[in-house]
Each structure stands twice: as structure tokens, then as C-alpha cells.
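Undergrad: Contents of entry-v3.csv (CSV, C-alpha atoms) are given next:
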```
chain,number,residue,atom,x,y,z
A,51,MET,CA,1.6,5.9,-39.2
A,52,PRO,CA,1.6,8.5,-36.4
A,53,LEU,CA,4.3,9.7,-34.2
A,54,GLY,CA,4.8,8.0,-30.9
A,55,LEU,CA,7.0,7.9,-27.9
A,56,LEU,CA,9.6,5.7,-26.2
A,57,GLY,CA,9.4,4.6,-22.6
A,58,THR,CA,9.6,1.8,-20.1
A,59,LYS,CA,7.0,-0.6,-18.8
A,60,VAL,CA,6.6,0.1,-15.1
A,61,GLY,CA,4.3,-2.7,-14.2
A,62,MET,CA,0.7,-3.7,-13.8
A,63,THR,CA,-2.0,-2.8,-11.3
A,64,GLN,CA,-5.7,-2.2,-11.2
A,65,VAL,CA,-7.7,1.0,-11.4
A,66,TYR,CA,-11.5,1.8,-11.4
A,67,ASP,CA,-12.9,3.4,-14.6
A,68,SER,CA,-15.7,5.9,-14.8
A,69,ASN,CA,-18.4,3.2,-14.4
A,70,GLY,CA,-16.7,2.0,-11.2
A,71,ASP,CA,-15.6,-1.2,-12.8
A,72,ALA,CA,-12.1,-2.5,-12.1
A,73,ALA,CA,-9.7,-2.4,-15.1
A,74,PRO,CA,-6.4,-4.2,-15.3
A,75,VAL,CA,-3.8,-1.7,-16.5
A,76,THR,CA,-0.2,-1.6,-17.4
A,77,VAL,CA,1.6,1.6,-16.3
A,78,LEU,CA,4.0,3.0,-18.9
A,79,GLN,CA,6.4,5.8,-18.3
A,80,LEU,CA,7.0,7.6,-21.6
A,81,GLY,CA,9.5,10.3,-22.5
A,82,PRO,CA,10.2,13.1,-22.5
A,83,CYS,CA,11.8,12.2,-25.8
A,84,PRO,CA,13.9,14.7,-27.7
A,85,VAL,CA,13.5,14.8,-31.5
A,86,LEU,CA,17.0,13.9,-32.9
A,87,GLN,CA,16.4,13.9,-36.6
A,88,ILE,CA,13.7,14.3,-39.2
A,89,ARG,CA,13.9,11.9,-42.2
A,90,THR,CA,12.6,13.3,-45.5
A,91,PRO,CA,11.9,11.6,-48.8
A,92,GLU,CA,14.4,14.0,-50.6
A,93,ARG,CA,17.3,13.0,-48.4
A,94,ASP,CA,16.4,9.6,-46.9
A,95,GLY,CA,13.6,8.2,-49.2
A,96,TYR,CA,10.9,8.2,-46.5
A,97,HIS,CA,9.2,10.3,-43.8
A,98,ALA,CA,10.2,9.5,-40.2
A,99,VAL,CA,11.0,11.1,-36.9
A,100,GLN,CA,14.0,9.9,-34.9
A,101,VAL,CA,13.5,10.2,-31.2
A,102,GLY,CA,15.7,9.4,-28.2
A,103,PHE,CA,15.0,8.3,-24.7
A,104,LYS,CA,16.9,8.4,-21.4
A,105,ASP,CA,20.1,10.5,-21.1
A,106,LYS,CA,23.4,8.7,-21.0
A,107,SER,CA,26.4,10.1,-19.3
A,108,ARG,CA,28.9,11.8,-21.7
A,109,LYS,CA,31.6,9.6,-20.2
A,110,LYS,CA,29.8,6.4,-21.2
A,111,ALA,CA,28.8,7.6,-24.7
A,112,SER,CA,31.0,7.1,-27.7
A,113,ARG,CA,32.2,10.2,-29.6
A,114,ALA,CA,29.8,9.2,-32.4
A,115,GLU,CA,26.9,9.1,-30.0
A,116,ARG,CA,27.8,12.5,-28.7
A,117,GLY,CA,28.3,13.9,-32.2
A,118,HIS,CA,24.9,12.7,-33.2
A,119,VAL,CA,23.1,14.9,-30.7
A,120,ALA,CA,25.6,17.7,-29.9
A,121,SER,CA,25.9,20.8,-32.1
A,122,ASP,CA,29.1,22.1,-30.6
A,123,LEU,CA,31.4,19.0,-31.0
A,124,GLU,CA,34.4,19.9,-33.2
A,125,SER,CA,35.8,17.4,-35.6
A,126,LYS,CA,38.2,17.5,-38.6
A,127,ARG,CA,35.6,15.9,-40.8
A,128,LYS,CA,32.9,18.4,-39.8
A,129,LYS,CA,35.2,21.3,-40.6
A,130,LYS,CA,36.1,19.7,-43.9
A,131,ARG,CA,32.5,19.3,-44.9
A,132,ILE,CA,31.6,22.9,-43.9
A,133,ASN,CA,34.5,24.2,-45.9
A,134,SER,CA,33.4,22.2,-48.9
A,135,GLY,CA,29.9,23.7,-48.7
A,136,VAL,CA,27.9,20.8,-47.3
A,137,VAL,CA,24.7,21.9,-45.4
A,138,LEU,CA,24.8,20.0,-42.1
A,139,LEU,CA,21.6,18.7,-40.6
A,140,PRO,CA,20.4,20.5,-37.4
A,141,LYS,CA,21.3,18.8,-34.1
A,142,ALA,CA,19.0,18.4,-31.1
A,143,ASN,CA,21.7,19.7,-28.7
A,144,VAL,CA,20.9,17.3,-25.9
A,145,GLU,CA,22.7,14.8,-23.8
A,146,PRO,CA,23.6,11.5,-25.6
A,147,GLN,CA,20.7,9.2,-25.6
A,148,ARG,CA,20.5,5.6,-24.3
A,149,PHE,CA,17.8,4.5,-26.8
A,150,ILE,CA,17.2,5.9,-30.3
A,151,ARG,CA,14.3,4.7,-32.5
A,152,GLU,CA,12.5,6.0,-35.5
A,153,PHE,CA,8.8,6.4,-36.1
A,154,ARG,CA,7.8,6.0,-39.7
A,155,LEU,CA,5.3,8.6,-40.9
A,156,THR,CA,3.0,8.8,-43.9
A,157,LYS,CA,2.9,12.6,-43.9
A,158,PRO,CA,5.7,15.2,-43.4
A,159,ALA,CA,6.7,15.6,-39.7
A,160,THR,CA,5.2,18.6,-37.8
A,161,VAL,CA,7.8,18.6,-35.1
A,162,ALA,CA,11.2,20.2,-35.1
A,163,VAL,CA,14.6,18.8,-34.2
A,164,GLY,CA,15.4,19.5,-30.5
A,165,GLU,CA,11.8,19.6,-29.5
A,166,LYS,CA,11.0,17.6,-26.3
A,167,LEU,CA,7.9,15.3,-26.8
A,168,THR,CA,5.8,14.4,-23.8
A,169,VAL,CA,2.9,12.2,-23.1
A,170,GLY,CA,0.5,15.1,-22.7
A,171,THR,CA,1.2,16.5,-26.2
A,172,VAL,CA,1.7,13.3,-28.2
A,173,PHE,CA,-1.2,11.3,-26.8
A,174,LYS,CA,-3.7,14.1,-26.2
A,175,ASP,CA,-7.3,12.9,-27.1
A,176,VAL,CA,-5.9,9.5,-28.2
A,177,LYS,CA,-8.3,6.7,-27.4
A,178,ALA,CA,-6.2,3.6,-28.1
A,179,VAL,CA,-2.5,2.9,-28.7
A,180,ASP,CA,-0.2,0.2,-30.2
A,181,VAL,CA,2.6,-0.9,-27.9
A,182,ILE,CA,5.8,-2.5,-29.3
A,183,GLY,CA,8.0,-4.4,-27.0
A,184,THR,CA,10.4,-7.4,-26.7
A,185,THR,CA,8.8,-10.5,-25.2
A,186,LYS,CA,10.3,-12.3,-22.2
A,187,GLY,CA,13.0,-14.7,-23.5
A,188,ARG,CA,12.3,-18.4,-22.8
A,189,GLY,CA,15.4,-19.8,-24.5
A,190,PHE,CA,15.4,-23.0,-26.5
A,191,SER,CA,12.0,-24.4,-25.8
A,192,GLY,CA,10.2,-27.6,-26.7
A,193,VAL,CA,7.0,-27.8,-28.7
A,194,ILE,CA,4.7,-28.0,-25.7
A,195,LYS,CA,5.7,-24.6,-24.4
A,196,ARG,CA,6.5,-23.0,-27.7
A,197,TRP,CA,3.6,-24.2,-29.8
A,198,GLY,CA,1.1,-25.6,-27.3
A,199,PHE,CA,1.4,-29.2,-28.5
A,200,GLY,CA,-0.4,-31.8,-26.3
A,201,GLY,CA,2.5,-34.1,-25.9
A,202,LEU,CA,2.5,-37.8,-26.1
A,203,PRO,CA,0.7,-40.3,-23.8
A,204,ALA,CA,1.9,-40.7,-20.3
A,205,ALA,CA,1.1,-44.5,-20.4
A,206,HIS,CA,-0.1,-47.0,-23.0
A,207,GLY,CA,3.5,-48.1,-23.8
A,208,ALA,CA,5.0,-44.6,-24.2
A,209,LYS,CA,8.6,-44.8,-22.9
A,210,LYS,CA,10.8,-41.8,-22.4
A,211,VAL,CA,8.9,-39.9,-25.0
A,212,HIS,CA,6.3,-37.8,-23.3
A,213,ARG,CA,7.1,-34.3,-24.3
A,214,GLU,CA,8.5,-35.0,-27.8
A,215,VAL,CA,7.4,-33.6,-31.2
A,216,GLY,CA,6.0,-36.9,-32.4
A,217,SER,CA,5.9,-37.7,-36.1
A,218,THR,CA,7.3,-34.9,-38.3
A,219,ALA,CA,6.1,-36.4,-41.7
A,220,SER,CA,2.6,-36.3,-42.8
A,221,LEU,CA,1.5,-38.1,-45.9
A,222,ALA,CA,-1.8,-36.2,-46.1
A,223,SER,CA,-0.3,-32.8,-46.0
A,224,ASN,CA,2.9,-33.4,-48.0
A,225,ARG,CA,2.0,-36.2,-50.4
A,226,GLY,CA,4.9,-38.5,-49.5
A,227,SER,CA,7.7,-36.1,-50.5
A,228,GLY,CA,9.9,-37.9,-48.1
A,229,ARG,CA,10.7,-34.9,-45.9
A,230,PRO,CA,8.8,-32.8,-43.4
A,231,LYS,CA,6.6,-29.9,-44.6
A,232,LYS,CA,8.2,-26.5,-44.6
A,233,GLY,CA,7.3,-24.5,-41.5
A,234,LYS,CA,6.8,-27.6,-39.4
A,235,LYS,CA,6.5,-26.5,-35.7
A,236,LEU,CA,9.6,-27.7,-33.9
A,237,PRO,CA,11.6,-26.9,-30.8
A,238,GLY,CA,13.7,-23.7,-31.0
A,239,GLN,CA,14.3,-20.2,-29.6
A,240,TYR,CA,11.1,-18.9,-28.0
A,241,GLY,CA,10.5,-15.3,-26.8
A,242,SER,CA,12.9,-12.3,-26.9
A,243,GLU,CA,11.3,-11.2,-30.1
A,244,ARG,CA,9.7,-7.9,-31.1
A,245,VAL,CA,5.9,-8.0,-30.7
A,246,THR,CA,3.3,-5.3,-31.4
A,247,VAL,CA,0.1,-5.3,-29.3
A,248,ARG,CA,-2.5,-3.4,-31.2
A,249,ASN,CA,-5.4,-1.3,-30.0
A,250,LEU,CA,-4.9,-1.0,-26.3
A,251,GLU,CA,-7.4,1.3,-24.7
A,252,VAL,CA,-5.9,4.4,-23.0
A,253,ILE,CA,-7.3,4.5,-19.4
A,254,ARG,CA,-5.5,7.6,-18.1
A,255,ILE,CA,-2.7,10.0,-18.8
A,256,ASP,CA,-0.7,11.5,-15.9
A,257,GLU,CA,1.3,14.4,-17.4
A,258,GLU,CA,3.0,15.2,-14.2
A,259,ASN,CA,4.8,11.9,-13.9
A,260,ASN,CA,4.9,11.1,-17.7
A,261,LEU,CA,2.6,8.1,-17.2
A,262,LEU,CA,0.3,6.4,-19.6
A,263,LEU,CA,-2.1,3.7,-18.3
A,264,VAL,CA,-3.4,1.2,-20.9
A,265,ARG,CA,-5.8,-1.6,-20.5
A,266,GLY,CA,-4.3,-5.0,-20.6
A,267,ALA,CA,-0.8,-6.5,-20.8
A,268,VAL,CA,2.2,-5.4,-22.9
A,269,PRO,CA,5.1,-7.5,-24.0
A,270,GLY,CA,8.3,-7.8,-21.9
A,271,TYR,CA,9.7,-7.4,-18.5
A,272,ASN,CA,9.1,-4.5,-16.1
A,273,ASN,CA,11.6,-1.7,-16.9
A,274,GLY,CA,11.8,-3.0,-20.5
A,275,LEU,CA,11.9,-0.6,-23.4
A,276,VAL,CA,8.5,0.0,-25.2
A,277,MET,CA,7.6,2.0,-28.3
A,278,VAL,CA,4.0,3.4,-28.1
A,279,ARG,CA,2.1,5.1,-30.9
A,280,PRO,CA,-1.5,6.0,-31.5
A,281,THR,CA,-3.3,3.2,-33.2
A,282,ASN,CA,-4.7,3.2,-36.6
A,283,LYS,CA,-6.9,0.2,-35.9
A,284,LEU,CA,-10.0,1.6,-34.2
B,38,MET,CA,9.4,-4.7,-3.8
B,39,ARG,CA,6.6,-2.7,-5.2
B,40,ASN,CA,7.6,0.0,-7.8
B,41,LYS,CA,7.1,3.4,-6.4
B,42,LEU,CA,5.2,4.6,-9.4
B,43,ILE,CA,2.7,1.8,-9.1
B,44,THR,CA,2.3,2.7,-5.4
B,45,LEU,CA,1.7,6.3,-6.5
B,46,ILE,CA,-1.1,5.2,-8.9
B,47,GLU,CA,-2.7,3.1,-6.3
B,48,GLU,CA,-2.6,5.8,-3.7
B,49,GLN,CA,-4.3,8.2,-6.1
B,50,GLU,CA,-6.8,5.5,-6.9
B,51,LYS,CA,-7.6,5.0,-3.3
B,52,LEU,CA,-8.3,8.6,-2.8
B,53,LYS,CA,-10.5,8.8,-5.8
B,54,ALA,CA,-12.2,5.5,-5.2
B,55,GLY,CA,-13.5,6.7,-1.9
B,56,ASN,CA,-15.7,9.2,-3.6
B,57,LEU,CA,-19.1,8.6,-5.2
B,58,THR,CA,-19.9,10.1,-8.6
B,59,LYS,CA,-22.1,13.1,-8.5
B,60,THR,CA,-25.2,11.4,-9.8
B,61,GLN,CA,-24.8,8.6,-7.3
B,62,SER,CA,-24.5,10.9,-4.4
B,63,GLU,CA,-27.6,12.9,-5.4
B,64,LEU,CA,-29.7,9.8,-5.9
B,65,ILE,CA,-28.9,8.2,-2.5
B,66,LYS,CA,-28.5,11.6,-0.7
B,67,MET,CA,-25.1,10.8,0.7
B,68,PRO,CA,-21.9,12.9,0.7
B,69,MET,CA,-19.6,12.3,-2.3
B,70,GLU,CA,-16.6,12.0,-0.1
B,71,ARG,CA,-16.1,8.8,1.8
B,72,THR,CA,-13.4,7.5,4.0
B,73,ILE,CA,-12.7,3.8,4.4
B,74,PRO,CA,-12.5,2.8,8.0
B,75,LYS,CA,-9.8,0.5,9.4
B,76,ILE,CA,-11.3,-3.0,9.0
B,77,GLU,CA,-9.9,-5.9,10.9
B,78,ILE,CA,-10.5,-9.6,10.8
B,79,GLY,CA,-13.4,-10.5,13.0
B,80,ASP,CA,-15.1,-7.1,12.8
B,81,THR,CA,-18.9,-7.1,12.3
B,82,ILE,CA,-19.5,-4.6,9.5
B,83,ASP,CA,-22.2,-3.1,7.3
B,84,VAL,CA,-21.2,-2.7,3.6
B,85,HIS,CA,-23.4,-0.4,1.5
B,86,THR,CA,-23.0,-1.2,-2.2
B,87,TRP,CA,-24.3,0.7,-5.1
B,88,ILE,CA,-26.7,-1.1,-7.4
B,89,GLU,CA,-27.3,0.0,-10.9
B,90,LEU,CA,-30.9,-0.1,-12.1
B,91,GLY,CA,-30.9,1.4,-15.6
B,92,GLU,CA,-30.9,5.1,-15.2
B,93,LYS,CA,-31.3,5.1,-11.5
B,94,GLY,CA,-29.7,3.2,-8.7
B,95,ARG,CA,-29.9,2.6,-5.0
B,96,THR,CA,-27.7,1.2,-2.2
B,97,GLN,CA,-28.0,-2.2,-0.6
B,98,SER,CA,-26.4,-3.1,2.6
B,99,PHE,CA,-24.8,-6.4,3.6
B,100,SER,CA,-23.8,-7.0,7.2
B,101,GLY,CA,-21.7,-9.8,8.6
B,102,THR,CA,-18.3,-10.8,9.9
B,103,VAL,CA,-15.1,-10.1,8.1
B,104,ILE,CA,-13.5,-13.6,7.8
B,105,ALA,CA,-10.7,-12.8,5.4
B,106,LYS,CA,-8.7,-10.0,3.8
B,107,LYS,CA,-6.5,-10.4,0.7
B,108,GLY,CA,-4.7,-8.3,-1.8
B,109,GLU,CA,-2.9,-5.0,-1.4
B,110,GLY,CA,-3.2,-1.5,-2.8
B,111,THR,CA,-6.3,-1.0,-4.9
B,112,ARG,CA,-6.9,-4.7,-5.2
B,113,GLU,CA,-7.6,-5.1,-1.5
B,114,MET,CA,-10.7,-7.4,-1.0
B,115,ILE,CA,-12.6,-8.5,2.1
B,116,THR,CA,-14.8,-11.6,2.6
B,117,VAL,CA,-17.9,-11.0,4.7
B,118,ARG,CA,-19.9,-13.9,6.0
B,119,ARG,CA,-23.4,-13.9,7.5
B,120,ILE,CA,-26.1,-16.5,8.1
B,121,VAL,CA,-29.3,-15.9,6.0
B,122,GLN,CA,-32.2,-18.1,6.8
B,123,GLY,CA,-30.0,-20.8,8.2
B,124,GLU,CA,-27.7,-20.7,5.2
B,125,GLY,CA,-24.2,-19.3,5.3
B,126,VAL,CA,-23.7,-16.5,2.7
B,127,GLU,CA,-20.3,-15.0,1.9
B,128,ARG,CA,-19.6,-12.0,-0.3
B,129,VAL,CA,-16.3,-10.7,-1.5
B,130,PHE,CA,-16.0,-6.9,-1.8
B,131,PRO,CA,-13.1,-4.9,-3.3
B,132,ILE,CA,-13.0,-2.2,-0.6
B,133,HIS,CA,-11.7,0.6,-2.8
B,134,SER,CA,-14.3,0.2,-5.5
B,135,PRO,CA,-16.4,3.3,-6.1
B,136,LYS,CA,-19.4,1.1,-6.1
B,137,ILE,CA,-19.1,0.6,-2.3
B,138,SER,CA,-20.7,3.7,-0.9
B,139,LYS,CA,-20.1,3.2,2.7
B,140,ILE,CA,-18.5,0.7,5.2
B,141,GLU,CA,-19.5,0.9,8.8
B,142,VAL,CA,-17.7,-1.0,11.5
B,143,LYS,CA,-20.3,-2.2,14.1
B,144,ARG,CA,-18.1,-4.1,16.6
B,145,GLY,CA,-14.8,-5.8,16.8
B,146,GLY,CA,-14.2,-9.4,17.5
B,147,VAL,CA,-11.4,-11.1,19.4
B,148,VAL,CA,-9.7,-13.5,16.9
B,149,ARG,CA,-6.4,-15.3,16.8
B,150,ARG,CA,-6.3,-16.1,13.1
B,151,ALA,CA,-5.9,-14.1,9.9
B,152,LYS,CA,-8.5,-16.2,8.1
B,153,LEU,CA,-11.6,-17.3,10.0
B,154,TYR,CA,-12.5,-20.2,7.7
B,155,TYR,CA,-13.3,-22.3,10.7
B,156,LEU,CA,-16.5,-20.3,11.1
B,157,ARG,CA,-17.8,-22.1,8.1
B,158,ASP,CA,-18.0,-25.4,10.0
B,159,ARG,CA,-19.9,-23.8,12.9
B,160,VAL,CA,-23.6,-23.2,13.3
B,161,GLY,CA,-25.8,-21.2,15.7
B,162,LYS,CA,-24.3,-19.7,18.8
B,163,ALA,CA,-20.8,-21.1,18.0
B,164,THR,CA,-20.4,-18.6,15.2
B,165,ARG,CA,-20.3,-15.7,17.6
B,166,LEU,CA,-17.0,-14.0,18.4
B,167,ARG,CA,-16.1,-12.4,21.7
B,168,GLU,CA,-16.4,-8.6,21.5
B,169,LYS,CA,-13.2,-6.6,21.5
B,170,LYS,CA,-13.2,-4.0,24.2
```
Could you rewrite the structure in this file as C-alpha cells?
TA:
Amino acid sequence: MPLGLLGTKVGMTQVYDSNGDAAPVTVLQLGPCPVLQIRTPERDGYHAVQVGFKDKSRKKASRAERGHVASDLESKRKKKRINSGVVLLPKANVEPQRFIREFRLTKPATVAVGEKLTVGTVFKDVKAVDVIGTTKGRGFSGVIKRWGFGGLPAAHGAKKVHREVGSTASLASNRGSGRPKKGKKLPGQYGSERVTVRNLEVIRIDEENNLLLVRGAVPGYNNGLVMVRPTNKL
Amino acid sequence: MRNKLITLIEEQEKLKAGNLTKTQSELIKMPMERTIPKIEIGDTIDVHTWIELGEKGRTQSFSGTVIAKKGEGTREMITVRRIVQGEGVERVFPIHSPKISKIEVKRGGVVRRAKLYYLRDRVGKATRLREKK
């Protein structure tokens, strides 16, 4: 899987493509993302790049968060490790980051720690992307909203049970085991989950404002965090 | 409130949408750059649209009264109504579309509504609007 970027969903609008047809687009503001760490099979067991997004004030960051990015933060443990001959990982030397995520790679990373990744470099000549986001939370929802059930009759003797689940046992599918089948669709938490939308066409890249315009919708609220990577599903 | 980045994208789009592509402008012998006039409800306008015919294309014009405007930013649309052979015809145009090559405002009309849907119930002379001086 290729390297991507972190960013926020700005919102949706409409632009005209090269044929003059209107395209529904989602505007994403991505990066610039500093590379914080490189994961290698020798040390971590896999290839990945850890990137950050959005600076956090030093006052708000914990000491661990500062130490993760700062090369000049002194600590007793650090001194001890240096004295005992441990080779410390390079640090990005940036401000503490609000969001930190990893992108798994299949090949060794070609970027270096401390490098600032931008839309222009990461998504150059990319035709389509995958967008990962957290869907809008709908709380504890019934089966009509959550699974699209049709509900029960409004009349014909139905009393107080119009939006219920209905029968949970099915003889045909479960051969009279006496309990509902595993995976039966029931009410429960709906939304607020990680969703990947694959193969969204890239309409435009605005390097000046770090914007990426993709065709169609992406999960989550405006200003929500999204992870974007070039797709492998063309 | 609209996000300022969305507004920015839409402003860029409006600037760009005003212009024809090079091939279009050569085919119909019109300048590439185009400005969208201020269109008001009740105006009588000519809308020149680009029609694709395989490799080539030409423009077609539609003239009538603006009876409604809706949408904002790049999604702004106008509804134009005219009577063709005794039959009312309405077309909805996205005014920032690059397929609209030109919009000409012929005359303004005095109106007291934002939507002139009442014109649909009128025929003949009653569909006329008093000209704005």
C-alpha cells in the first residue's frame, strides 16, 4: 500500500470538469504532514511511515508527545540509553502533533524523518484515491435506520409495534435450534466507525492551499480527520 | 456559514467557468473570455448554449423571461420561460457552466416577487411584464 496524507474534510461543492459537466466534489485539506518515524521490518516487523498532522501547542502537549518529535528534549532515561550505547531513532524536530497515524507500506519507505509531505508531491499524477474517515455517529439506532428494515404494518391489527425487529427466529435458516441465528440484524450502535471509501476520482489538486478535490462523498463531518492514500483498485 | 475554502474554490470556478475551451471558441468564432451579466428576476434574456455534435458543436440560443433563480456559488441556476407555439416551455440553466457560451440581458421587467410562477397560469398578453426603466 502506498504512502498517503492526513487532513480534514472541508465540505462539498460542485465544479465543472474538462467536458463542462458538473461534478459533485468533496474538498479535502491535506497536510503538510511531517514524517515522524519510519518503521522497518528489522526493528518493528513491518514497513510503514508514521506521519503527523496539525501542530499542537507545547503547553497542551504532554512530555511524551514532545519527546516523540523533539530531538533536543533532555531526559534521564535518554541520557542513560545513550551512555549504555543504544542508537536512538532520528526525530523529526517539529512541534508536537495533534494527530499521528501510520501508513503501512509494502516496500521500504523512500522518505526521510523530518520531511514535510504535501499534496503536490504525494498525489502527483494520482488518478484516484482511497479516503478513510469516521462516519457520523447515529447513536443506538433501531433496525429501520440501521439495517433498512421495512418495519411492521401500520394497520391490520398491529398495535404499538410499527418499527420493531419482528420475529428473530427463523426455522428455515436455523433448523429449529431454539435461538436466533448468529449475526442477526438487531438494534445497536450505528455510525462513528472507521470506513474506507475506495477509488474516488481526483478532480483537482490545489498545491497553494493544500487542497485535494475528489468526486463524491467521504465519511464523516466537515472538519473531521481523514486519511487519504493513492488507491490500488483502479 | 459557508467555509471560506469552499467559497475560494467556487470563486475560482466561476472565473474559469466563464471561459470557453479553445476548440469551442474557434468553432463558434467567439472570444474565449466571457463575463456573466447581472441577471434579475423578470429580465428577458438570451442564453446561448453549447451543443455537442460528435467532433463539432454549435451554439443554440433560448430567449425568454427569468422566472426563478436558485442556488449559490457555482450551483446557481436560472429558470427561463417562454411560449413556443402556444405552449409554455421552461429551461433551467446552471449559469456558471462552461457550456453556456453567452448570456444577453435584453430588457428588465418590473416584478414584486422572487419567483414568477404565477406566469404559468397566464396566457397571451397577460404574460407580459412592465419594462424597467
Undergrad: Show me, as a ChimeraX atom specification, the residues of chain A whose atoms get within 12 Å of chain B, using all atoms listed in the file for the distance check.
TA: /A:58-79,254-256,258-263,272-273
Undergrad: Excluding Val85 (chain A) and any residue of its chain fewer than 4 positions from it, enumerate the residues within 9 Å of it, using all atoms listed in the file, and give them as a PDB file with C-alpha atoms, in the coordinates of the input.
TA:
```pdb
ATOM      1  CA  VAL A  99      11.000  11.100 -36.900  1.00  0.00           C
ATOM      2  CA  GLN A 100      14.000   9.900 -34.900  1.00  0.00           C
ATOM      3  CA  VAL A 101      13.500  10.200 -31.200  1.00  0.00           C
ATOM      4  CA  GLY A 102      15.700   9.400 -28.200  1.00  0.00           C
ATOM      5  CA  ALA A 142      19.000  18.400 -31.100  1.00  0.00           C
ATOM      6  CA  VAL A 161       7.800  18.600 -35.100  1.00  0.00           C
ATOM      7  CA  ALA A 162      11.200  20.200 -35.100  1.00  0.00           C
ATOM      8  CA  VAL A 163      14.600  18.800 -34.200  1.00  0.00           C
ATOM      9  CA  GLY A 164      15.400  19.500 -30.500  1.00  0.00           C
ATOM     10  CA  GLU A 165      11.800  19.600 -29.500  1.00  0.00           C
ATOM     11  CA  LYS A 166      11.000  17.600 -26.300  1.00  0.00           C
ATOM     12  CA  LEU A 167       7.900  15.300 -26.800  1.00  0.00           C
TER      13      LEU A 167
END
```
Undergrad: May I ask for the distance between CA of Thr86 (chain B) and CA of Asp158 (chain B), given in Å to one decimal place?
TA: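 Calculated distance between CA of Thr86 (chain B) and CA of Asp158 (chain B) is 27.6 Å.
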Undergrad: Need to verify the contact set: Asp80 (chain B), 10 Å, all atoms listed in the file, exclusion of same-chain residues closer than 3 positions in sequence. Can you return it as a list of chain:residue names?
TA: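 The filter keeps B:Lys75, B:Ile76, B:Glu77, B:Asp83, B:Gly101, B:Thr102, B:Val103, B:Ile104, B:Val117, B:Glu141, B:Val142, B:Lys143, B:Arg144, B:Gly145, B:Gly146, B:Val147, B:Val148, B:Leu166, B:Glu168, B:Lys169.
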Undergrad: How would the residues just chosen look if you wrote them out with C-alpha atoms as a compact mmCIF listing (two decimals), keeping the file's coordinate frame?
TA:
```
# COMPACT_ATOMS: atom_id res chain seq x y z
CA LYS B 75 -9.80 0.50 9.40
CA ILE B 76 -11.30 -3.00 9.00
CA GLU B 77 -9.90 -5.90 10.90
CA ASP B 83 -22.20 -3.10 7.30
CA GLY B 101 -21.70 -9.80 8.60
CA THR B 102 -18.30 -10.80 9.90
CA VAL B 103 -15.10 -10.10 8.10
CA ILE B 104 -13.50 -13.60 7.80
CA VAL B 117 -17.90 -11.00 4.70
CA GLU B 141 -19.50 0.90 8.80
CA VAL B 142 -17.70 -1.00 11.50
CA LYS B 143 -20.30 -2.20 14.10
CA ARG B 144 -18.10 -4.10 16.60
CA GLY B 145 -14.80 -5.80 16.80
CA GLY B 146 -14.20 -9.40 17.50
CA VAL B 147 -11.40 -11.10 19.40
CA VAL B 148 -9.70 -13.50 16.90
CA LEU B 166 -17.00 -14.00 18.40
CA GLU B 168 -16.40 -8.60 21.50
CA LYS B 169 -13.20 -6.60 21.50
```
Undergrad: Enter the distance from CA of Lys139 (chain B) to CA of Ile73 (chain B), in Å, rounded to one decimal.
TA: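 Separation of CA of Lys139 (chain B) and CA of Ile73 (chain B): 7.6 Å.
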Undergrad: Step by step: start from the point (-28.5, -4.7, 0.4) in the file's coordinates, keep every protein, DNA or RNA residue that has an atom no farther than 9 Å from it, count only C-alpha atoms, and write the set as a ChimeraX atom specification.
TA: /B:84-88,96-100
